[in-house]
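Encoded as structure tokens, the structure appears first; notes follow it.
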Amino acid sequence: MGKDIPTIYIVVPSFNEQEALPQSHEHLMQLMDEMIVQDIIAQDSKLLYVDDGSRDDTWKIIERLASESSRVAGVKLTYNSGHQNALMAGLAAAVDHCDITVSLDADLQDDIRVIPRMVERYKDGCDIVFGVRKERKTDIWFKRTTANMFYGLMKRLGVSTIENHADFRLMSRRAVLALLDYKERNLFIRGIVTKLGYKTDCVYYDRSARIAGKSKYPFKKMVNFAIDGITSFSVKPVRLVMHVGLLFLLIALAMLIYVLCAYFMGRAVSGWPSIILSIWFVGAFVLIGLGIIGEYVGKIYTEVKNRPRYNVDTTIGLDQ
Ligand code: UDP
Ligand code: MG
């Protein structure tokens with residue numbers, strides 16, 4: 001640590017990844033060995049797997065990998081805390097042992113061959129290097145379209161994110177420490193890192209298909225993640241209010257069309273159109289307004305509780 005050749009910790013959050021992990025591990029180990037031989041990274045670099053409360057054999061696999069190699073470390077969370085929290089847990093565990101961290105998904109959808117280039121950019125003085133995917137050919141149409149809509153919406157709402165960057169990212173020790181200082185519970189890490197103010201750069205790669213296993217982000221989780229990214233929190237009943245408001249708005253618009261038709265056909269009773277439209281439109285706007293306020297109140301609610309983000313059960317290979 002702290003030498004010319006940096007010590008790197010590759011942090012991999014894993015939730016029910018028993019199918020993907022062994023294969024991913026092989027690729028990662030090979031890459032680490034190559035980088036060590038080429039003096040790109042230091043000997044004491046490690047792979048750090050975070051088991052995010054998996055219900056399958058993920059932790060057993062991590063334990064086995066750690067017993068086979070001193071280059072493997074593991075952190076086991078007691079319950080499923082979500083990708084972002086698992087990543088924070090991994091970064092927090094890694095930060096005192098290394099000069100740089102690289103965060104990566106367990107399914108190796110992100111091309112690990114660009115990691116040496118990331119390290120190069122670090123050596124050039126960048127504190128954060130974003131992995132950005134060039135295209136999303138391997139994602140299904142639905143995922144691609146929704147993701148593009150999400151990034152577009154984020155941009156219009158003024159949340160700064162790097163387009164097509166997930167959580168494949170190199171961070172220097174001081175950048176990780178700065179990130180860990182953000183104590184909020186409602187985490188949207190990729191929105192925070194762009195705010196840290198350090199020198200950043202991007203490396204580009206093609207995203208491939210999942211190495212094995214299924215996506216741990218089903219549509220429901222994806223929608224929630226997107227909404228959390230915008231408001232940083234969600235309370236279900238409040239969101240329901242919002243949805244009802246939107247529904248009312250639709251009804252109001254349908255009513256508007258109906259009323260206009262009735263008017264032009266000379267069938268409208270005088271006084272009726274204005275009243276019926278007011279009822280639906282006012283109702284819709286009140287509900288939507290309540291929904292928006294509720295989103296923020298909900299956010300305050302979770303922040304105020306100040307609960308821990310995760311709880312570490314066991315760690316392996318991290319004693320120093
Ligand atoms: N993940 C996690 N906790 C969760 C959900 C996902 O640690 O609750 C991990 C998962 O194991 C993977 C990464 O987050 O390493 C990204 O998940 P996934 O590849 O399923 O997402 P997608 O690429 O489909 O968006
Ligand atoms: Mg994936």
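Every chain in the structure tokens takes a letter, A first, then B, and so on in the order presented; its residues are numbered from 1, and the ligands are numbered from 1 following the presented order.
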
**OP:** Identify, on the basis of only C-alpha atoms, every residue whose closest approach to Val203 of chain A does not exceed 7 Å; exclude the query and any residue fewer than 2 positions from it along the same chain; express the result as a ChimeraX atom specification.
**Re:** /A:118,130-132,201,205

Go ahead and save the residues from that selection, with all heavy atoms, as a PDB file, in the first residue's frame.
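Okay, again13.pdb is ready:
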ATOM      1  N   MET A 118      -7.946   1.357 -16.714  1.00  0.00           N
ATOM      2  CA  MET A 118      -8.429   2.195 -15.611  1.00  0.00           C
ATOM      3  C   MET A 118      -7.264   2.544 -14.683  1.00  0.00           C
ATOM      4  O   MET A 118      -7.112   3.697 -14.257  1.00  0.00           O
ATOM      5  CB  MET A 118      -9.495   1.443 -14.804  1.00  0.00           C
ATOM      6  CG  MET A 118     -10.829   1.303 -15.499  1.00  0.00           C
ATOM      7  SD  MET A 118     -11.939   0.385 -14.415  1.00  0.00           S
ATOM      8  CE  MET A 118     -13.515   0.931 -15.036  1.00  0.00           C
ATOM      9  N   PHE A 130     -14.569   5.973 -14.723  1.00  0.00           N
ATOM     10  CA  PHE A 130     -15.847   5.310 -14.997  1.00  0.00           C
ATOM     11  C   PHE A 130     -15.711   4.335 -16.144  1.00  0.00           C
ATOM     12  O   PHE A 130     -15.136   4.672 -17.177  1.00  0.00           O
ATOM     13  CB  PHE A 130     -16.909   6.335 -15.391  1.00  0.00           C
ATOM     14  CG  PHE A 130     -17.182   7.351 -14.325  1.00  0.00           C
ATOM     15  CD1 PHE A 130     -16.682   8.638 -14.439  1.00  0.00           C
ATOM     16  CD2 PHE A 130     -17.944   7.012 -13.216  1.00  0.00           C
ATOM     17  CE1 PHE A 130     -16.939   9.582 -13.451  1.00  0.00           C
ATOM     18  CE2 PHE A 130     -18.200   7.952 -12.229  1.00  0.00           C
ATOM     19  CZ  PHE A 130     -17.689   9.235 -12.349  1.00  0.00           C
ATOM     20  N   GLY A 131     -16.261   3.154 -15.963  1.00  0.00           N
ATOM     21  CA  GLY A 131     -16.398   2.233 -17.080  1.00  0.00           C
ATOM     22  C   GLY A 131     -17.710   2.557 -17.783  1.00  0.00           C
ATOM     23  O   GLY A 131     -18.763   2.533 -17.167  1.00  0.00           O
ATOM     24  N   VAL A 132     -17.634   2.888 -19.055  1.00  0.00           N
ATOM     25  CA  VAL A 132     -18.839   3.275 -19.791  1.00  0.00           C
ATOM     26  C   VAL A 132     -19.055   2.294 -20.938  1.00  0.00           C
ATOM     27  O   VAL A 132     -18.144   2.039 -21.708  1.00  0.00           O
ATOM     28  CB  VAL A 132     -18.704   4.702 -20.359  1.00  0.00           C
ATOM     29  CG1 VAL A 132     -19.941   5.086 -21.146  1.00  0.00           C
ATOM     30  CG2 VAL A 132     -18.457   5.691 -19.237  1.00  0.00           C
ATOM     31  N   ASP A 201     -12.282  10.318 -15.330  1.00  0.00           N
ATOM     32  CA  ASP A 201     -12.148   9.995 -16.742  1.00  0.00           C
ATOM     33  C   ASP A 201     -13.010   8.768 -17.034  1.00  0.00           C
ATOM     34  O   ASP A 201     -13.520   8.135 -16.106  1.00  0.00           O
ATOM     35  CB  ASP A 201     -10.678   9.712 -17.079  1.00  0.00           C
ATOM     36  CG  ASP A 201     -10.417   9.908 -18.572  1.00  0.00           C
ATOM     37  OD1 ASP A 201     -11.395  10.162 -19.313  1.00  0.00           O
ATOM     38  OD2 ASP A 201      -9.263   9.800 -18.995  1.00  0.00           O
ATOM     39  N   TYR A 205     -16.147   0.281 -23.189  1.00  0.00           N
ATOM     40  CA  TYR A 205     -16.105  -1.160 -23.475  1.00  0.00           C
ATOM     41  C   TYR A 205     -17.465  -1.595 -23.980  1.00  0.00           C
ATOM     42  O   TYR A 205     -18.453  -0.874 -23.844  1.00  0.00           O
ATOM     43  CB  TYR A 205     -15.746  -1.938 -22.206  1.00  0.00           C
ATOM     44  CG  TYR A 205     -16.781  -1.796 -21.123  1.00  0.00           C
ATOM     45  CD1 TYR A 205     -17.806  -2.735 -20.976  1.00  0.00           C
ATOM     46  CD2 TYR A 205     -16.768  -0.710 -20.262  1.00  0.00           C
ATOM     47  CE1 TYR A 205     -18.765  -2.591 -20.000  1.00  0.00           C
ATOM     48  CE2 TYR A 205     -17.720  -0.559 -19.286  1.00  0.00           C
ATOM     49  CZ  TYR A 205     -18.717  -1.505 -19.157  1.00  0.00           C
ATOM     50  OH  TYR A 205     -19.678  -1.359 -18.197  1.00  0.00           O
TER      51      TYR A 205
END

Subject >> Distance query Val304 of chain A at most 10 Å, only C-alpha atoms, self and fewer than 6 positions along chain excluded, as a list in words >> reply: Glu184, Arg185 and Gly298 of chain A

**OP:** Residues up to 8 Å from ligand 1, counting only C-alpha atoms and all ligand atoms: could you list those as an MDAnalysis selection string?
**Re:** chainID A and resid 12:17 50:53 80:87 104:107 109 210 214:218 222

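Distance annotation: of A:Ile36, A:Ile211, A:Ile300, A:Val312, the residue with the minimal separation from Asp110 of chain A is A:Ile211; atom set is only C-alpha atoms.
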
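Using only C-alpha atoms and all ligand atoms, the nearest neighbour of ligand 2 within the list A:Tyr151, A:Phe168, A:Tyr122, A:Phe142 is A:Phe168.
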
Looking only at helix (DSSP H, G or I) from DSSP on the backbone, list the matching residues of segment 21-193 of chain A as a short mmCIF file (atom, residue, chain, number, x, y, z; two decimals) with C-alpha atoms, in the first residue's frame.
data_model
loop_
_atom_site.label_atom_id
_atom_site.label_comp_id
_atom_site.auth_asym_id
_atom_site.auth_seq_id
_atom_site.Cartn_x
_atom_site.Cartn_y
_atom_site.Cartn_z
CA LEU A 21 -19.30 -16.73 -9.27
CA PRO A 22 -16.95 -19.67 -9.99
CA GLN A 23 -16.59 -18.69 -13.64
CA SER A 24 -16.27 -14.98 -12.93
CA HIS A 25 -13.69 -15.77 -10.28
CA GLU A 26 -11.53 -17.66 -12.73
CA HIS A 27 -11.51 -14.75 -15.16
CA LEU A 28 -10.80 -12.23 -12.42
CA MET A 29 -7.98 -14.28 -10.90
CA GLN A 30 -6.37 -14.64 -14.28
CA LEU A 31 -6.55 -10.90 -14.85
CA MET A 32 -5.12 -10.17 -11.39
CA ASP A 33 -2.22 -12.56 -11.98
CA GLU A 34 -1.46 -10.92 -15.30
CA MET A 35 -1.55 -7.44 -13.82
CA ILE A 36 0.70 -8.49 -10.93
CA VAL A 37 3.23 -10.10 -13.25
CA THR A 58 -22.70 -18.01 -2.67
CA TRP A 59 -21.00 -17.68 0.72
CA LYS A 60 -19.84 -21.29 0.69
CA ILE A 61 -18.22 -20.64 -2.67
CA ILE A 62 -16.57 -17.46 -1.37
CA GLU A 63 -15.24 -19.38 1.66
CA ARG A 64 -13.85 -22.06 -0.59
CA LEU A 65 -12.19 -19.51 -2.89
CA ALA A 66 -10.71 -17.72 0.12
CA SER A 67 -9.29 -20.96 1.49
CA GLU A 68 -7.71 -21.70 -1.87
CA HIS A 83 -26.72 -3.86 -4.56
CA GLN A 84 -25.81 -0.30 -3.56
CA ASN A 85 -25.51 -1.08 0.14
CA ALA A 86 -23.55 -4.25 -0.53
CA LEU A 87 -21.17 -2.21 -2.63
CA MET A 88 -20.76 0.33 0.19
CA ALA A 89 -20.05 -2.52 2.61
CA GLY A 90 -17.38 -3.84 0.28
CA LEU A 91 -15.77 -0.43 -0.24
CA ALA A 92 -15.80 0.24 3.50
CA ALA A 93 -14.11 -3.10 4.17
CA ALA A 94 -11.55 -2.55 1.42
CA ILE A 112 -12.76 -6.64 -17.06
CA ARG A 113 -10.05 -6.29 -19.70
CA VAL A 114 -10.33 -2.50 -19.38
CA ILE A 115 -9.23 -2.60 -15.73
CA PRO A 116 -5.53 -2.19 -16.65
CA ARG A 117 -6.54 0.90 -18.63
CA MET A 118 -8.43 2.19 -15.61
CA VAL A 119 -5.32 1.75 -13.47
CA GLU A 120 -3.32 3.61 -16.11
CA ARG A 121 -5.71 6.54 -15.88
CA TYR A 122 -5.34 6.43 -12.09
CA LYS A 123 -1.58 6.66 -12.48
CA TRP A 141 -34.83 -4.34 -26.10
CA PHE A 142 -36.94 -3.69 -23.04
CA LYS A 143 -33.99 -3.17 -20.69
CA ARG A 144 -32.22 -1.00 -23.24
CA THR A 145 -35.22 1.24 -23.83
CA THR A 146 -36.14 1.63 -20.17
CA ALA A 147 -32.51 2.36 -19.28
CA ASN A 148 -32.29 5.04 -21.96
CA MET A 149 -35.55 6.58 -20.77
CA PHE A 150 -34.23 6.58 -17.22
CA TYR A 151 -30.98 8.33 -18.12
CA GLY A 152 -32.91 10.88 -20.20
CA LEU A 153 -35.26 11.60 -17.31
CA MET A 154 -32.38 11.91 -14.84
CA LYS A 155 -30.71 14.42 -17.08
CA ARG A 156 -33.84 16.52 -17.42
CA ARG A 173 -8.65 5.56 -1.63
CA ARG A 174 -9.45 9.21 -0.96
CA ALA A 175 -12.42 9.10 -3.34
CA VAL A 176 -13.81 6.07 -1.50
CA LEU A 177 -13.29 7.80 1.84
CA ALA A 178 -15.17 10.82 0.50
CA LEU A 179 -17.98 8.58 -0.74
CA LEU A 180 -18.21 6.83 2.64
CA ILE A 189 -23.94 5.82 -5.60
CA ARG A 190 -23.47 6.78 -9.22
CA GLY A 191 -25.25 10.07 -8.57
CA ILE A 192 -22.91 10.82 -5.65
CA VAL A 193 -19.54 9.99 -7.20
#

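The closest residue to ligand 2, picked from A:Arg207, A:Arg133, A:Lys220, A:Arg239 and counting only C-alpha atoms and all ligand atoms, is A:Arg207.
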
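Note that atom CA of Tyr49 of chain A and atom CA of Cys98 of chain A are 14.9 Å apart.
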